[in-house]
Amino acid sequence: MALQVAYLVNLYPAVSHTFIKREIQALERAGVSVQRIALRGWDAELVDETDRRELAGTRYVLQRGVVGLGLALLKTAVRKPARLWSAMRLAWRMSRRSDRPLPVHFVYLAEACLIEQWLADSGSEHLHAHFATNPAEIAMLTRALGGPPYSFTAHGSDIMDRPAQMGLDETVGRAAFVAAVCSFGRSQILKWVPHALWDKVRVVRCGLEPGYGNGESPAAQGNNRLLCVGRLSKEKGQLLLVEAASRVAASGRPFEIVLAGDGPMRAEVETLIAKTGLAGRVRITGWLDAPGIQNELRQARALVVPSLSEGLPVVIMEAMAYRRPVIAPYLAGIPELVTDGQTGWLYPTSDVAALATAIHACLDTPSVALAAMGEAARQRVLAAHDVDAEARQLVDLFTRSSKQAAGA
């Protein structure tokens, strides 16, 4: 009988969460039955056909609103009063460390009540959450209510920006295991949990599906277009990139930068583009689906990442698989994949002058050398980020968790 696993995500499917979809599909190729659960996303306007199929197969916790959560909470109170009381105390402890008030954590508890009932009905043997924020806490509360063992994947800002408030010692301590997407991410978790829990934290990398980037050619000779993919937000650093682009423009070097994405800082980015006279050189596309991103990669000379906070961006993996070198900061897990001078150019995080210098270096690299860097990038990412290999590691961890629970 296939291993029954449930996945819990805040928002699913989503353009920015393609890595979760890849992971789920890889698990299914490995013979695991995966139940999709998300808090929200049922009303998303999706342009990608595979995302539409994922939406149809996902159950949404908040779709029935307060009524649905209230009924789930009442049912748990009748069926499992002692477990509910224990979970309430756990939610209260989590609220004391959090920047969110107690009522929010009680909402998490109500969500856990509904999820626990769904998992009991489906026979799921393990619950895996993505992100160390509220999905990890909800998974922990689901376990406290009598649900199956749980685990979660920590990515970037979810463990680097507010770790002390999230009660990582609780969520890690009660988990069967925790996955970090890079070694740097693992180190950030280890800072906040006792040494006795360190062995629970494993590195399970995000990966690319088989054949991703097959047949893609290196950048064409004379291509001066750089691509930046990401939400237009402070931590993604697009303002820094525009400042660096202004310095490159002042040197007279021809180039174009495409900002693929949208977000809360779009107006501010557009204002800086106009102020620096870069309207003809820097273009914002808005949100793109997966084929749209792939099309932009084909037309780019290289990917540029100006981020101020990251884990290990999946778009770097995608660009490298497309034989595109990467300009990125010495930040978090990025140097674990990008090698300066071999598969791209690394610069000190937030250093505008150094970023401008790296852009110049990329634009000045001869086509033959650029193609060699692109090929090295492809070989590097395919060796380190095979989604099926990473899925096999998860299957092993899920199986051990299920066996340990059965023998408890």
# chains A, B, ... in the order shown; residues from 1 in each chain; ligands from 1

$ residues_around --residues "A:Gly173" --least-positions-apart "4" --cutoff "10 Å" --atoms "only C-alpha atoms" --output "ChimeraX atom specification"
/A:140,167-169,177-178,193-194,196-198,200

$ select_by_dssp --residues "stretch 193-241 of chain A" --states "alpha helix (DSSP H)" --output "PyMOL selection string"
chain A and resi 238-241

$ closest_residue --among "A:Phe19, A:Tyr60, A:Tyr330, A:Phe255" --to "A:Val181" --atoms "only C-alpha atoms"
A:Phe19

$ closest_residue --among "A:Leu141, A:Val15, A:Val258, A:Leu232" --to "A:Glu49" --atoms "only C-alpha atoms"
A:Val15

$ atom_distance --atom1 "atom CA of A:Leu355" --atom2 "atom CA of A:Tyr212"
28.6 Å

$ closest_atom_pairs --of "stretch 29-127 of chain A" --to "stretch 377-389 of chain A" --cutoff "12 Å" --atoms "only C-alpha atoms" --output "CSV"
residue,atom,partner,partner_atom,distance
A:Arg29,CA,A:Asp388,CA,8.1
A:Ala30,CA,A:Asp388,CA,7.8
A:Gly31,CA,A:Asp388,CA,11.5

$ residues_around --residues "A:Phe184" --least-positions-apart "3" --cutoff "7 Å" --atoms "only C-alpha atoms" --output "list in words"
Ser187, Gln188, Ala332 and Gly333 of chain A

$ write_last_selection --atoms "N, CA and C atoms" --output "short mmCIF file (atom, residue, chain, number, x, y, z; two decimals), in the first residue's frame"
data_model
loop_
_atom_site.label_atom_id
_atom_site.label_comp_id
_atom_site.auth_asym_id
_atom_site.auth_seq_id
_atom_site.Cartn_x
_atom_site.Cartn_y
_atom_site.Cartn_z
N SER A 187 21.98 25.97 9.46
CA SER A 187 22.74 26.66 10.52
C SER A 187 21.88 27.66 11.26
N GLN A 188 20.95 28.31 10.55
CA GLN A 188 20.10 29.31 11.19
C GLN A 188 19.11 28.66 12.15
N ALA A 332 23.55 33.82 2.30
CA ALA A 332 22.83 32.60 2.67
C ALA A 332 23.37 31.39 1.90
N GLY A 333 22.47 30.64 1.25
CA GLY A 333 22.88 29.42 0.58
C GLY A 333 23.35 29.60 -0.84
#

$ closest_atom_pairs --of "stretch 20-71 of chain A" --to "stretch 88-109 of chain A" --cutoff "12 Å" --atoms "only C-alpha atoms" --output "tab-separated table"
residue	atom	partner	partner_atom	distance
A:Leu39	CA	A:Tyr108	CA	10.2
A:Val61	CA	A:Tyr108	CA	10.5
A:Leu62	CA	A:Val107	CA	10.5
A:Gly65	CA	A:Val107	CA	11.1
A:Val66	CA	A:Val107	CA	9.4
A:Gly68	CA	A:Val107	CA	11.7
A:Leu69	CA	A:Val107	CA	8.2
A:Gly70	CA	A:Val107	CA	9.6

$ closest_atom_pairs --of "stretch 8-103 of chain A" --to "stretch 135-138 of chain A" --cutoff "7 Å" --atoms "only C-alpha atoms" --output "CSV"
residue,atom,partner,partner_atom,distance
A:Leu8,CA,A:Pro135,CA,6.5
A:Val9,CA,A:Pro135,CA,6.2
A:Asn10,CA,A:Pro135,CA,6.5

$ write_last_selection --atoms "all heavy atoms" --output "PDB file, in the first residue's frame"
ATOM      1  N   LEU A   8       0.904  20.592   3.757  1.00  0.00           N
ATOM      2  CA  LEU A   8       0.206  21.782   4.233  1.00  0.00           C
ATOM      3  C   LEU A   8       0.986  23.025   3.822  1.00  0.00           C
ATOM      4  O   LEU A   8       2.177  23.153   4.117  1.00  0.00           O
ATOM      5  CB  LEU A   8       0.059  21.746   5.757  1.00  0.00           C
ATOM      6  CG  LEU A   8      -0.501  23.012   6.422  1.00  0.00           C
ATOM      7  CD1 LEU A   8      -1.927  23.288   5.940  1.00  0.00           C
ATOM      8  CD2 LEU A   8      -0.475  22.883   7.943  1.00  0.00           C
ATOM      9  N   VAL A   9       0.300  23.956   3.145  1.00  0.00           N
ATOM     10  CA  VAL A   9       0.913  25.189   2.663  1.00  0.00           C
ATOM     11  C   VAL A   9      -0.052  26.339   2.928  1.00  0.00           C
ATOM     12  O   VAL A   9      -1.269  26.150   2.935  1.00  0.00           O
ATOM     13  CB  VAL A   9       1.213  25.106   1.147  1.00  0.00           C
ATOM     14  CG1 VAL A   9       2.066  26.278   0.685  1.00  0.00           C
ATOM     15  CG2 VAL A   9       1.904  23.798   0.798  1.00  0.00           C
ATOM     16  N   ASN A  10       0.481  27.544   3.141  1.00  0.00           N
ATOM     17  CA  ASN A  10      -0.379  28.713   3.298  1.00  0.00           C
ATOM     18  C   ASN A  10      -1.213  28.964   2.053  1.00  0.00           C
ATOM     19  O   ASN A  10      -2.432  29.106   2.128  1.00  0.00           O
ATOM     20  CB  ASN A  10       0.473  29.956   3.583  1.00  0.00           C
ATOM     21  CG  ASN A  10       0.521  30.315   5.044  1.00  0.00           C
ATOM     22  OD1 ASN A  10      -0.468  30.172   5.761  1.00  0.00           O
ATOM     23  ND2 ASN A  10       1.664  30.771   5.508  1.00  0.00           N
TER      24      ASN A  10
END

$ select_by_dssp --residues "stretch 82-237 of chain A" --states "strand (DSSP E)" --output "JSON, numbers by chain"
{"A": [126, 127, 128, 129, 130, 150, 151, 152, 153, 154, 177, 178, 179, 180, 201, 202, 203, 225, 226, 227, 228, 229]}

$ closest_atom_pairs --of "stretch 268-323 of chain A" --to "stretch 336-345 of chain A" --cutoff "9 Å" --atoms "only C-alpha atoms" --output "JSON lines"
{"residue": "A:Ala302", "atom": "CA", "partner": "A:Gly344", "partner_atom": "CA", "distance": 8.5}
{"residue": "A:Leu312", "atom": "CA", "partner": "A:Leu337", "partner_atom": "CA", "distance": 8.4}
{"residue": "A:Ile316", "atom": "CA", "partner": "A:Val338", "partner_atom": "CA", "distance": 8.4}
{"residue": "A:Met317", "atom": "CA", "partner": "A:Leu337", "partner_atom": "CA", "distance": 8.3}
{"residue": "A:Met320", "atom": "CA", "partner": "A:Thr343", "partner_atom": "CA", "distance": 7.9}

$ write_last_selection --atoms "N, CA, C and O atoms" --output "tab-separated table (two decimals), in the first residue's frame"
chain	number	residue	atom	x	y	z
A	302	ALA	N	22.16	36.59	-18.70
A	302	ALA	CA	22.43	36.05	-17.37
A	302	ALA	C	21.29	36.44	-16.44
A	302	ALA	O	20.49	37.33	-16.75
A	312	LEU	N	17.88	29.98	-0.63
A	312	LEU	CA	18.56	29.63	-1.88
A	312	LEU	C	17.49	29.69	-2.97
A	312	LEU	O	16.70	28.77	-3.13
A	316	ILE	N	17.49	30.71	-9.33
A	316	ILE	CA	18.91	30.51	-9.64
A	316	ILE	C	19.10	29.13	-10.25
A	316	ILE	O	19.83	28.95	-11.24
A	317	MET	N	18.44	28.12	-9.66
A	317	MET	CA	18.54	26.77	-10.20
A	317	MET	C	18.00	26.71	-11.62
A	317	MET	O	18.59	26.09	-12.51
A	320	MET	N	20.42	28.41	-14.10
A	320	MET	CA	21.61	27.60	-14.35
A	320	MET	C	21.28	26.40	-15.24
A	320	MET	O	22.07	26.02	-16.10

$ closest_residue --among "A:Ile273, A:Leu397, A:Ala319, A:Ala405" --to "A:Gly146" --atoms "only C-alpha atoms"
A:Ala405

$ closest_residue --among "A:Val242, A:Ile189, A:Ala358, A:Met373" --to "A:Glu268" --atoms "only C-alpha atoms"
A:Val242
